[in-house]
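Chemist: Hey, dropping my_file-v5.csv in here, CSV, C-alpha atoms:
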```csv
chain,number,residue,atom,x,y,z
Y,1,MET,CA,46.7,115.0,38.9
Y,2,THR,CA,43.7,114.5,36.6
Y,3,ASP,CA,43.7,111.2,34.7
Y,4,ALA,CA,43.9,111.3,30.9
Y,5,LEU,CA,40.3,110.2,30.3
Y,6,THR,CA,38.7,112.6,32.8
Y,7,LYS,CA,40.7,115.4,31.2
Y,8,LEU,CA,39.4,114.5,27.7
Y,9,LEU,CA,35.9,114.0,29.0
Y,10,ASN,CA,36.0,117.5,30.5
Y,11,SER,CA,37.1,119.0,27.3
Y,12,ARG,CA,34.6,117.5,24.8
Y,13,ASP,CA,30.9,116.9,24.5
Y,14,TRP,CA,31.5,113.3,23.2
Y,15,LEU,CA,34.4,111.0,22.6
Y,16,LEU,CA,34.8,108.4,19.9
Y,17,ALA,CA,36.0,105.0,21.1
Y,18,ASP,CA,37.3,102.2,18.8
Y,19,GLY,CA,35.6,99.3,17.1
Y,20,ALA,CA,36.1,95.5,17.0
Y,21,THR,CA,39.3,93.7,17.9
Y,22,GLY,CA,38.4,90.2,16.8
Y,23,THR,CA,36.9,91.1,13.4
Y,24,ASN,CA,39.9,93.2,12.5
Y,25,LEU,CA,42.4,90.5,13.6
Y,26,PHE,CA,40.5,87.7,11.8
Y,27,ASN,CA,40.9,89.8,8.7
Y,28,MET,CA,44.6,89.8,9.3
Y,29,GLY,CA,44.7,86.0,9.5
Y,30,LEU,CA,44.0,85.2,13.2
Y,31,GLU,CA,42.7,81.6,13.3
Y,32,SER,CA,39.6,80.6,15.2
Y,33,GLY,CA,40.5,79.4,18.6
Y,34,GLU,CA,43.9,81.2,18.5
Y,35,PRO,CA,44.4,83.6,21.5
Y,36,PRO,CA,44.7,87.1,20.0
Y,37,GLU,CA,46.9,88.1,23.0
Y,38,PHE,CA,49.7,85.8,21.7
Y,39,TRP,CA,50.0,88.2,18.8
Y,40,ASN,CA,51.2,91.0,21.1
Y,41,VAL,CA,54.5,89.0,21.2
Y,42,ASP,CA,54.4,87.0,18.0
Y,43,LYS,CA,53.0,89.6,15.6
Y,44,PRO,CA,53.3,93.0,17.1
Y,45,GLU,CA,53.2,94.7,13.7
Y,46,ASN,CA,49.6,93.5,13.3
Y,47,ILE,CA,48.6,94.8,16.7
Y,48,ARG,CA,50.1,98.2,15.9
Y,49,LYS,CA,48.1,98.1,12.7
Y,50,LEU,CA,44.9,97.3,14.7
Y,51,TYR,CA,45.5,100.2,17.1
Y,52,LYS,CA,46.6,102.6,14.3
Y,53,GLY,CA,43.5,101.8,12.3
Y,54,ALA,CA,41.3,103.1,15.1
Y,55,VAL,CA,43.4,106.2,15.7
Y,56,ASP,CA,43.5,107.1,12.0
Y,57,ALA,CA,39.8,106.6,11.7
Y,58,GLY,CA,39.3,109.3,14.4
Y,59,SER,CA,39.0,107.4,17.7
Y,60,ASP,CA,39.9,109.3,20.9
Y,61,ILE,CA,40.1,106.1,22.9
Y,62,PHE,CA,41.2,102.6,21.9
Y,63,LEU,CA,41.3,99.3,23.7
Y,64,THR,CA,44.3,97.1,24.1
Y,65,ASN,CA,44.5,93.6,22.7
Y,66,SER,CA,44.1,92.0,26.1
Y,67,PHE,CA,40.4,91.0,26.4
Y,68,GLY,CA,41.1,87.4,27.2
Y,69,GLY,CA,44.3,88.2,29.1
Y,70,ASN,CA,43.3,86.9,32.5
Y,71,ALA,CA,44.7,83.7,34.1
Y,72,SER,CA,41.5,81.7,33.7
Y,73,ARG,CA,41.3,82.3,29.9
Y,74,LEU,CA,45.0,81.9,29.3
Y,75,LYS,CA,45.0,78.7,31.2
Y,76,LEU,CA,43.0,77.2,28.4
Y,77,HIS,CA,46.1,77.6,26.3
Y,78,GLN,CA,48.6,76.7,29.0
Y,79,ALA,CA,49.6,80.4,29.2
Y,80,HIS,CA,48.4,81.4,32.6
Y,81,GLY,CA,52.0,82.2,33.6
Y,82,ARG,CA,52.1,84.9,30.9
Y,83,VAL,CA,49.5,87.3,32.2
Y,84,MET,CA,51.8,90.1,33.2
Y,85,GLU,CA,53.9,89.7,30.0
Y,86,LEU,CA,51.0,89.7,27.5
Y,87,ASN,CA,49.1,92.5,29.1
Y,88,ARG,CA,52.2,94.7,29.6
Y,89,ILE,CA,53.2,94.3,25.9
Y,90,ALA,CA,49.6,94.9,24.8
Y,91,ALA,CA,49.7,98.3,26.6
Y,92,GLU,CA,53.2,99.1,25.5
Y,93,LEU,CA,52.4,98.8,21.9
Y,94,ALA,CA,49.2,100.9,22.4
Y,95,ARG,CA,51.2,103.6,24.2
Y,96,GLU,CA,53.6,103.7,21.3
Y,97,VAL,CA,50.8,104.3,18.8
Y,98,ALA,CA,48.9,106.8,21.0
Y,99,ASP,CA,52.0,108.9,21.8
Y,100,ALA,CA,52.8,109.2,18.0
Y,101,ALA,CA,49.2,110.3,17.2
Y,102,GLY,CA,49.8,114.1,17.5
Y,103,ARG,CA,46.6,114.5,19.5
Y,104,PRO,CA,45.4,113.3,22.9
Y,105,ILE,CA,44.5,109.6,22.7
Y,106,VAL,CA,43.5,107.5,25.7
Y,107,VAL,CA,44.9,104.0,26.0
Y,108,ALA,CA,42.2,101.8,27.6
Y,109,GLY,CA,43.4,98.4,29.0
Y,110,SER,CA,40.8,95.9,27.9
Y,111,VAL,CA,39.7,93.5,30.7
Y,112,GLY,CA,37.1,90.8,29.6
Y,113,PRO,CA,35.3,88.3,31.8
Y,114,THR,CA,37.0,85.4,33.4
Y,115,GLY,CA,34.7,82.9,31.6
Y,116,GLU,CA,34.0,81.2,35.0
Y,117,ILE,CA,30.7,81.1,37.0
Y,118,PHE,CA,30.6,82.5,40.5
Y,119,GLU,CA,29.6,80.5,43.6
Y,120,PRO,CA,27.2,78.9,44.3
Y,121,MET,CA,26.3,78.1,40.7
Y,122,GLY,CA,29.9,77.7,39.8
Y,123,THR,CA,33.3,77.5,41.6
Y,124,LEU,CA,34.7,81.0,41.2
Y,125,THR,CA,35.1,82.9,44.5
Y,126,HIS,CA,35.2,86.7,44.9
Y,127,SER,CA,38.8,86.6,46.1
Y,128,ARG,CA,40.0,84.6,43.2
Y,129,ALA,CA,38.2,86.9,40.7
Y,130,VAL,CA,39.8,89.9,42.3
Y,131,GLU,CA,43.2,88.3,42.2
Y,132,MET,CA,42.9,87.5,38.5
Y,133,PHE,CA,41.7,90.9,37.6
Y,134,HIS,CA,44.3,92.6,39.7
Y,135,GLU,CA,47.1,90.6,38.1
Y,136,GLN,CA,45.9,91.7,34.7
Y,137,ALA,CA,45.4,95.3,35.8
Y,138,GLU,CA,49.0,95.4,37.0
Y,139,GLY,CA,50.3,94.2,33.7
Y,140,LEU,CA,48.3,96.8,31.8
Y,141,LYS,CA,49.4,99.5,34.2
Y,142,ALA,CA,53.1,98.5,33.8
Y,143,GLY,CA,52.7,98.9,30.0
Y,144,GLY,CA,51.3,102.4,30.3
Y,145,ALA,CA,47.5,102.1,30.0
Y,146,ASP,CA,45.7,105.2,31.0
Y,147,VAL,CA,42.6,103.5,32.2
Y,148,LEU,CA,41.2,100.0,32.7
Y,149,TRP,CA,38.3,99.1,30.5
Y,150,VAL,CA,36.2,96.2,31.9
Y,151,GLU,CA,33.8,95.0,29.2
Y,152,THR,CA,31.3,92.3,28.2
Y,153,ILE,CA,30.5,91.5,31.8
Y,154,SER,CA,27.3,89.5,32.6
Y,155,ALA,CA,27.5,88.9,36.3
Y,156,PRO,CA,27.2,91.8,38.9
Y,157,GLU,CA,29.6,89.8,41.1
Y,158,GLU,CA,32.3,89.9,38.4
Y,159,TYR,CA,31.7,93.6,37.9
Y,160,ARG,CA,32.2,94.3,41.6
Y,161,ALA,CA,35.4,92.1,41.7
Y,162,ALA,CA,36.8,94.1,38.8
Y,163,ALA,CA,36.1,97.3,40.6
Y,164,GLU,CA,38.0,96.1,43.7
Y,165,ALA,CA,40.9,95.0,41.5
Y,166,ALA,CA,41.1,98.4,39.8
Y,167,LYS,CA,41.2,100.0,43.3
Y,168,LEU,CA,44.0,97.7,44.3
Y,169,ALA,CA,46.0,98.6,41.2
Y,170,GLY,CA,45.4,102.3,41.8
Y,171,MET,CA,43.9,102.6,38.3
Y,172,PRO,CA,40.9,104.6,37.1
Y,173,TRP,CA,38.5,102.4,35.3
Y,174,CYS,CA,35.4,102.1,33.0
Y,175,GLY,CA,33.0,99.2,32.9
Y,176,THR,CA,30.4,97.9,30.5
Y,177,MET,CA,28.0,95.0,30.6
Y,178,SER,CA,26.5,93.1,27.7
Y,179,PHE,CA,22.8,92.8,27.4
Y,180,ASP,CA,20.9,90.2,25.4
Y,181,THR,CA,17.6,90.1,23.4
Y,182,ALA,CA,15.5,90.4,26.6
Y,183,GLY,CA,17.3,93.5,27.8
Y,184,ARG,CA,19.1,91.6,30.5
Y,185,THR,CA,22.6,90.3,30.8
Y,186,MET,CA,23.0,86.6,30.6
Y,187,MET,CA,23.0,86.5,34.4
Y,188,GLY,CA,19.8,88.5,34.6
Y,189,THR,CA,20.9,92.1,35.3
Y,190,THR,CA,18.8,94.9,33.8
Y,191,SER,CA,19.9,98.4,32.9
Y,192,ALA,CA,18.2,99.8,36.0
Y,193,ALA,CA,19.9,97.2,38.2
Y,194,MET,CA,23.3,98.0,36.7
Y,195,VAL,CA,22.9,101.7,37.5
Y,196,GLU,CA,21.9,100.9,41.1
Y,197,MET,CA,25.0,98.6,41.4
Y,198,VAL,CA,27.4,101.2,39.9
Y,199,ASP,CA,26.1,104.0,42.2
Y,200,LYS,CA,26.7,101.8,45.3
Y,201,LEU,CA,30.3,100.8,44.4
Y,202,ASP,CA,33.1,101.8,46.8
Y,203,TYR,CA,35.3,102.5,43.8
Y,204,PRO,CA,33.0,103.5,41.0
Y,205,PRO,CA,34.0,103.7,37.3
Y,206,LEU,CA,34.7,107.0,35.5
Y,207,ALA,CA,32.0,105.9,33.0
Y,208,PHE,CA,29.8,102.9,32.5
Y,209,GLY,CA,27.5,101.5,29.9
Y,210,ALA,CA,26.9,98.6,27.5
Y,211,ASN,CA,28.8,96.9,24.8
Y,212,CYS,CA,28.2,94.0,22.3
Y,213,GLY,CA,24.9,92.3,22.9
Y,214,VAL,CA,22.6,92.2,19.9
Y,215,GLY,CA,22.3,95.0,17.4
Y,216,ALA,CA,22.6,98.8,17.7
Y,217,SER,CA,18.9,99.3,18.2
Y,218,ASP,CA,18.7,97.0,21.2
Y,219,LEU,CA,21.9,98.6,22.7
Y,220,MET,CA,20.3,102.1,22.2
Y,221,ARG,CA,17.2,100.9,24.1
Y,222,THR,CA,19.5,99.9,27.0
Y,223,MET,CA,21.1,103.4,26.9
Y,224,LEU,CA,17.7,105.0,27.3
Y,225,GLY,CA,17.2,102.6,30.3
Y,226,PHE,CA,20.4,104.0,31.9
Y,227,VAL,CA,19.3,107.6,31.2
Y,228,ALA,CA,15.9,107.0,32.8
Y,229,GLN,CA,17.7,106.2,36.1
Y,230,GLY,CA,19.1,109.8,36.2
Y,231,SER,CA,22.7,108.8,36.9
Y,232,GLU,CA,25.2,111.7,36.4
Y,233,ARG,CA,28.0,109.4,35.5
Y,234,PRO,CA,29.2,109.5,31.8
Y,235,LEU,CA,27.7,106.7,29.7
Y,236,ILE,CA,29.4,104.4,27.2
Y,237,ALA,CA,27.8,102.8,24.2
Y,238,LYS,CA,29.7,100.3,22.1
Y,239,GLY,CA,27.2,98.6,19.8
Y,240,ASN,CA,27.8,95.9,17.2
Y,241,ALA,CA,27.8,96.8,13.6
Y,242,GLY,CA,24.4,95.3,12.8
Y,243,ILE,CA,23.5,91.6,13.2
Y,244,PRO,CA,25.9,88.7,12.5
Y,245,LYS,CA,25.1,86.6,9.4
Y,246,TYR,CA,26.8,83.4,8.2
Y,247,HIS,CA,28.1,83.8,4.7
Y,248,ASP,CA,30.6,81.8,2.7
Y,249,GLY,CA,32.0,80.2,5.8
Y,250,HIS,CA,32.5,83.4,7.7
Y,251,ILE,CA,30.5,85.5,10.2
Y,252,HIS,CA,29.7,88.8,8.6
Y,253,TYR,CA,28.0,91.8,10.4
Y,254,ASP,CA,25.5,93.5,8.2
Y,255,GLY,CA,25.7,97.0,9.6
Y,256,THR,CA,26.9,99.6,7.1
Y,257,PRO,CA,29.0,102.7,7.9
Y,258,GLU,CA,25.8,104.7,7.3
Y,259,LEU,CA,23.9,102.7,9.9
Y,260,MET,CA,26.7,103.1,12.4
Y,261,ALA,CA,26.8,106.8,11.7
Y,262,GLU,CA,23.0,107.0,12.5
Y,263,TYR,CA,23.6,105.0,15.7
Y,264,ALA,CA,26.5,107.3,16.8
Y,265,VAL,CA,24.3,110.4,16.4
Y,266,LEU,CA,21.4,108.8,18.2
Y,267,ALA,CA,23.7,107.8,21.1
Y,268,ARG,CA,25.1,111.3,21.4
Y,269,ASP,CA,21.6,112.8,21.3
Y,270,ALA,CA,20.5,110.3,24.0
Y,271,GLY,CA,23.2,111.7,26.3
Y,272,VAL,CA,25.9,109.1,25.8
Y,273,LYS,CA,29.4,110.6,26.2
Y,274,ILE,CA,31.7,107.8,24.9
Y,275,ILE,CA,30.5,106.2,21.6
Y,276,GLY,CA,32.2,103.3,19.8
Y,277,GLY,CA,31.5,100.0,18.1
Y,278,CYS,CA,31.9,96.4,19.0
Y,279,CYS,CA,31.7,93.3,16.9
Y,280,GLY,CA,32.0,93.9,13.2
Y,281,THR,CA,33.0,97.6,13.6
Y,282,MET,CA,35.8,98.4,11.2
Y,283,PRO,CA,37.8,101.6,10.5
Y,284,GLN,CA,35.4,102.6,7.7
Y,285,HIS,CA,32.5,102.5,10.3
Y,286,LEU,CA,34.5,104.6,12.7
Y,287,LYS,CA,35.3,107.2,10.0
Y,288,ALA,CA,31.6,107.5,9.2
Y,289,MET,CA,30.7,107.8,12.9
Y,290,ARG,CA,33.3,110.5,13.5
Y,291,ALA,CA,32.1,112.5,10.5
Y,292,ALA,CA,28.4,112.3,11.5
Y,293,LEU,CA,29.2,113.3,15.1
Y,294,GLU,CA,31.2,116.3,13.9
Y,295,GLN,CA,28.9,117.5,11.1
Y,296,ARG,CA,25.4,116.8,12.4
Y,297,PRO,CA,24.0,119.2,15.0
Y,298,LYS,CA,22.8,117.8,18.4
Y,299,GLY,CA,19.1,117.0,18.5
Y,300,PRO,CA,16.6,116.0,21.1
Y,301,ARG,CA,16.8,112.7,23.0
Y,302,PRO,CA,15.5,110.1,20.5
Y,303,THR,CA,12.4,108.0,21.2
Y,304,LEU,CA,12.2,104.2,20.9
Y,305,GLU,CA,10.2,104.7,17.7
Y,306,GLN,CA,12.9,106.9,16.2
Y,307,ILE,CA,15.6,104.4,17.2
Y,308,SER,CA,13.8,101.5,15.6
Y,309,ALA,CA,13.0,103.5,12.5
Y,310,ALA,CA,16.6,104.4,12.0
Y,311,LEU,CA,18.4,101.3,13.2
Y,312,GLY,CA,15.9,98.4,12.8
Y,313,GLY,CA,13.4,96.8,15.1
Y,314,PHE,CA,14.1,95.6,18.6
Y,315,SER,CA,14.7,91.8,19.2
Y,316,SER,CA,12.1,91.7,22.0
Y,317,ALA,CA,9.1,93.6,23.1
Y,318,SER,CA,10.6,94.7,26.5
Y,319,ASP,CA,14.0,95.9,27.6
Y,320,GLY,CA,13.6,93.9,30.8
Y,321,THR,CA,13.3,96.8,33.2
Y,322,GLY,CA,9.5,96.7,33.5
Y,323,ASP,CA,9.4,92.9,33.8
Y,324,THR,CA,8.7,91.8,37.3
Y,325,SER,CA,9.0,88.1,36.6
Y,326,ASP,CA,12.0,86.3,37.8
Y,327,ALA,CA,13.9,86.0,34.5
Y,328,PRO,CA,15.9,82.8,34.2
Y,329,LYS,CA,19.6,83.3,34.8
Y,330,ARG,CA,21.6,81.5,32.1
Y,331,GLU,CA,25.1,80.3,32.6
Y,332,ARG,CA,27.7,81.4,30.1
Y,333,ARG,CA,31.4,81.6,29.4
Y,334,GLY,CA,31.7,85.2,28.4
Y,335,GLY,CA,32.4,85.5,24.7
Y,336,ARG,CA,35.3,87.4,23.1
Y,337,ARG,CA,34.6,91.0,22.0
Y,338,GLY,CA,34.4,90.6,18.2
```
Give the structure from the file, written as structure tokens.

Modeler:
Amino acid sequence: MTDALTKLLNSRDWLLADGATGTNLFNMGLESGEPPEFWNVDKPENIRKLYKGAVDAGSDIFLTNSFGGNASRLKLHQAHGRVMELNRIAAELAREVADAAGRPIVVAGSVGPTGEIFEPMGTLTHSRAVEMFHEQAEGLKAGGADVLWVETISAPEEYRAAAEAAKLAGMPWCGTMSFDTAGRTMMGTTSAAMVEMVDKLDYPPLAFGANCGVGASDLMRTMLGFVAQGSERPLIAKGNAGIPKYHDGHIHYDGTPELMAEYAVLARDAGVKIIGGCCGTMPQHLKAMRAALEQRPKGPRPTLEQISAALGGFSSASDGTGDTSDAPKRERRGGRRG
């Protein structure tokens, strides 16, 4: 039996994914430091509203409110015993919204990084990472998610652990990494290295790509880096809505719906199959993206010059793939998808 995402991918030239989770929930009153996953139980009407906002704006795929739903992250809030519950309910609420949409909608179970560092730099072992991802995957599966959506990953070891967990759960999966200003993940992976890693996986993703990072222009440069490797696997682009600016006590993303519409068309023309937004991307951005994808004819693959002219300049001179120096690997505790 063909899974729901593959079926949709085979029927369309492009699919629209959703936008931000954090930005939308903060606008509903989520407090800084409060785990969004708790709202799956405590404020389910807000989570339904989050999901419905993406569907009503035209998304074909939306992610569950479970980004930080692994035992490591939930332990920070003494909730590591609630992994199954919080993930299952996140997916159940999503299934409810998707099934009422009147058109095919894919429920993607969001799986974010553990926030821990792998051995030998840190203490996280491969087996423990697989165990945590598998537990989360089983919760999302029980709630009715169609596909696992591993996102905002920086370490290749963590990506491989998530792949193994998806296989254990018997779930199809997609996986994106987050690239910074130098065109590398925080642990040093380039777009070329990611393609090589994905192609060698025993249980590869249905689609792969990049999310979050810097602005839409940098993310598009990473997309061209993927394309240059010649992989036949469908690509995912989920770029931020512009650049974050601090204004009146709040973080505001300066990307307009018009800019995100340009980004969506450029991504499609570059060969990206699944196009969405990350931090700062609201329903109004998604509506503009959907309209542009439907109304504007497909053009040739954009050049770097065309991308920077349309979306703004790049944050660094190189995307990292041509840099032979041993770029420093920076430790991180993977940030929440905004």

Chemist: Could you check which of Y:Ala216, Y:Met186, Y:Val111, Y:Ala129 is closest to Cys174 (chain Y), using only C-alpha atoms?

Modeler: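 Closest candidate: Y:Val111.
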
Chemist: Please write as a PyMOL selection string the list of polymer residues whose atoms come within 9 Å of (25.9, 110.2, 21.9), counting only C-alpha atoms and keeping to the coordinates of the file.

Modeler: chain Y and resi 13-15+235-237+263-275+293+298

Chemist: When distances are computed from only C-alpha atoms, which of Y:Ala309, Y:Ala98, Y:Met289, Y:Leu206 shows the smallest separation from Val147 (chain Y)?

Modeler: Y:Leu206

Chemist: Which neighbours of Val214 (chain Y) fall inside 9 Å, counting only C-alpha atoms, when residues of the same chain fewer than 6 positions from it are skipped, and could you give them as a list in words?

Modeler: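 What passes the distance filter is Ser178, Phe179, Asp180, Thr181, Gly239, Asn240, Gly242, Ile243, Pro244 and Ser315 of chain Y.
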
Chemist: Rounded to one decimal, what separation in Å do you get between CA of Ala137 (chain Y) and CA of Leu5 (chain Y)?

Modeler: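 Going from CA of Ala137 (chain Y) over to CA of Leu5 (chain Y), I get 16.7 Å.
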
Chemist: What gap, in Å, lies between CA of Ala91 (chain Y) and CA of Glu116 (chain Y)?

Modeler: 24.7 Å

Chemist: Would you mind putting all heavy atoms back on region 205-215 of chain Y and writing the result as a short mmCIF file (atom, residue, chain, number, x, y, z; two decimals), in the coordinates of the input?

Modeler:
```cif
data_model
loop_
_atom_site.label_atom_id
_atom_site.label_comp_id
_atom_site.auth_asym_id
_atom_site.auth_seq_id
_atom_site.Cartn_x
_atom_site.Cartn_y
_atom_site.Cartn_z
N PRO Y 205 33.29 103.38 38.57
CA PRO Y 205 34.00 103.70 37.30
C PRO Y 205 33.83 105.13 36.91
O PRO Y 205 32.88 105.81 37.31
CB PRO Y 205 33.24 102.76 36.31
CG PRO Y 205 31.86 102.62 36.89
CD PRO Y 205 32.04 102.61 38.37
N LEU Y 206 34.77 105.61 36.09
CA LEU Y 206 34.70 107.00 35.50
C LEU Y 206 33.46 107.07 34.61
O LEU Y 206 32.82 108.12 34.51
CB LEU Y 206 35.93 107.32 34.74
CG LEU Y 206 37.25 107.39 35.49
CD1 LEU Y 206 38.38 107.73 34.51
CD2 LEU Y 206 37.19 108.42 36.61
N ALA Y 207 33.17 105.98 33.91
CA ALA Y 207 32.00 105.90 33.00
C ALA Y 207 31.58 104.47 32.93
O ALA Y 207 32.35 103.55 33.20
CB ALA Y 207 32.44 106.41 31.60
N PHE Y 208 30.31 104.27 32.60
CA PHE Y 208 29.80 102.90 32.50
C PHE Y 208 28.79 102.82 31.38
O PHE Y 208 28.37 103.84 30.83
CB PHE Y 208 29.10 102.51 33.85
CG PHE Y 208 27.74 103.14 34.04
CD1 PHE Y 208 26.58 102.45 33.73
CD2 PHE Y 208 27.63 104.44 34.51
CE1 PHE Y 208 25.34 103.04 33.89
CE2 PHE Y 208 26.38 105.04 34.68
CZ PHE Y 208 25.24 104.34 34.36
N GLY Y 209 28.42 101.60 31.02
CA GLY Y 209 27.50 101.50 29.90
C GLY Y 209 27.35 100.04 29.45
O GLY Y 209 27.45 99.10 30.23
N ALA Y 210 27.14 99.91 28.13
CA ALA Y 210 26.90 98.60 27.50
C ALA Y 210 27.73 98.43 26.28
O ALA Y 210 28.01 99.39 25.56
CB ALA Y 210 25.42 98.42 27.20
N ASN Y 211 28.11 97.18 26.01
CA ASN Y 211 28.80 96.90 24.80
C ASN Y 211 28.31 95.52 24.24
O ASN Y 211 27.70 94.75 24.98
CB ASN Y 211 30.33 96.82 24.96
CG ASN Y 211 30.81 95.55 25.64
OD1 ASN Y 211 30.49 95.31 26.80
ND2 ASN Y 211 31.59 94.73 24.94
N CYS Y 212 28.54 95.28 22.99
CA CYS Y 212 28.20 94.00 22.30
C CYS Y 212 26.72 93.74 22.39
O CYS Y 212 25.93 94.58 22.02
CB CYS Y 212 29.07 92.88 22.93
SG CYS Y 212 29.30 91.49 21.80
N GLY Y 213 26.32 92.58 22.84
CA GLY Y 213 24.90 92.30 22.90
C GLY Y 213 24.34 91.87 21.56
O GLY Y 213 24.88 91.01 20.87
N VAL Y 214 23.25 92.53 21.17
CA VAL Y 214 22.60 92.20 19.90
C VAL Y 214 22.93 93.21 18.87
O VAL Y 214 24.08 93.34 18.50
CB VAL Y 214 21.05 92.06 20.15
CG1 VAL Y 214 20.38 91.34 18.98
CG2 VAL Y 214 20.76 91.27 21.43
N GLY Y 215 21.98 93.98 18.40
CA GLY Y 215 22.30 95.00 17.40
C GLY Y 215 22.29 96.39 18.02
O GLY Y 215 22.08 96.57 19.22
#
```
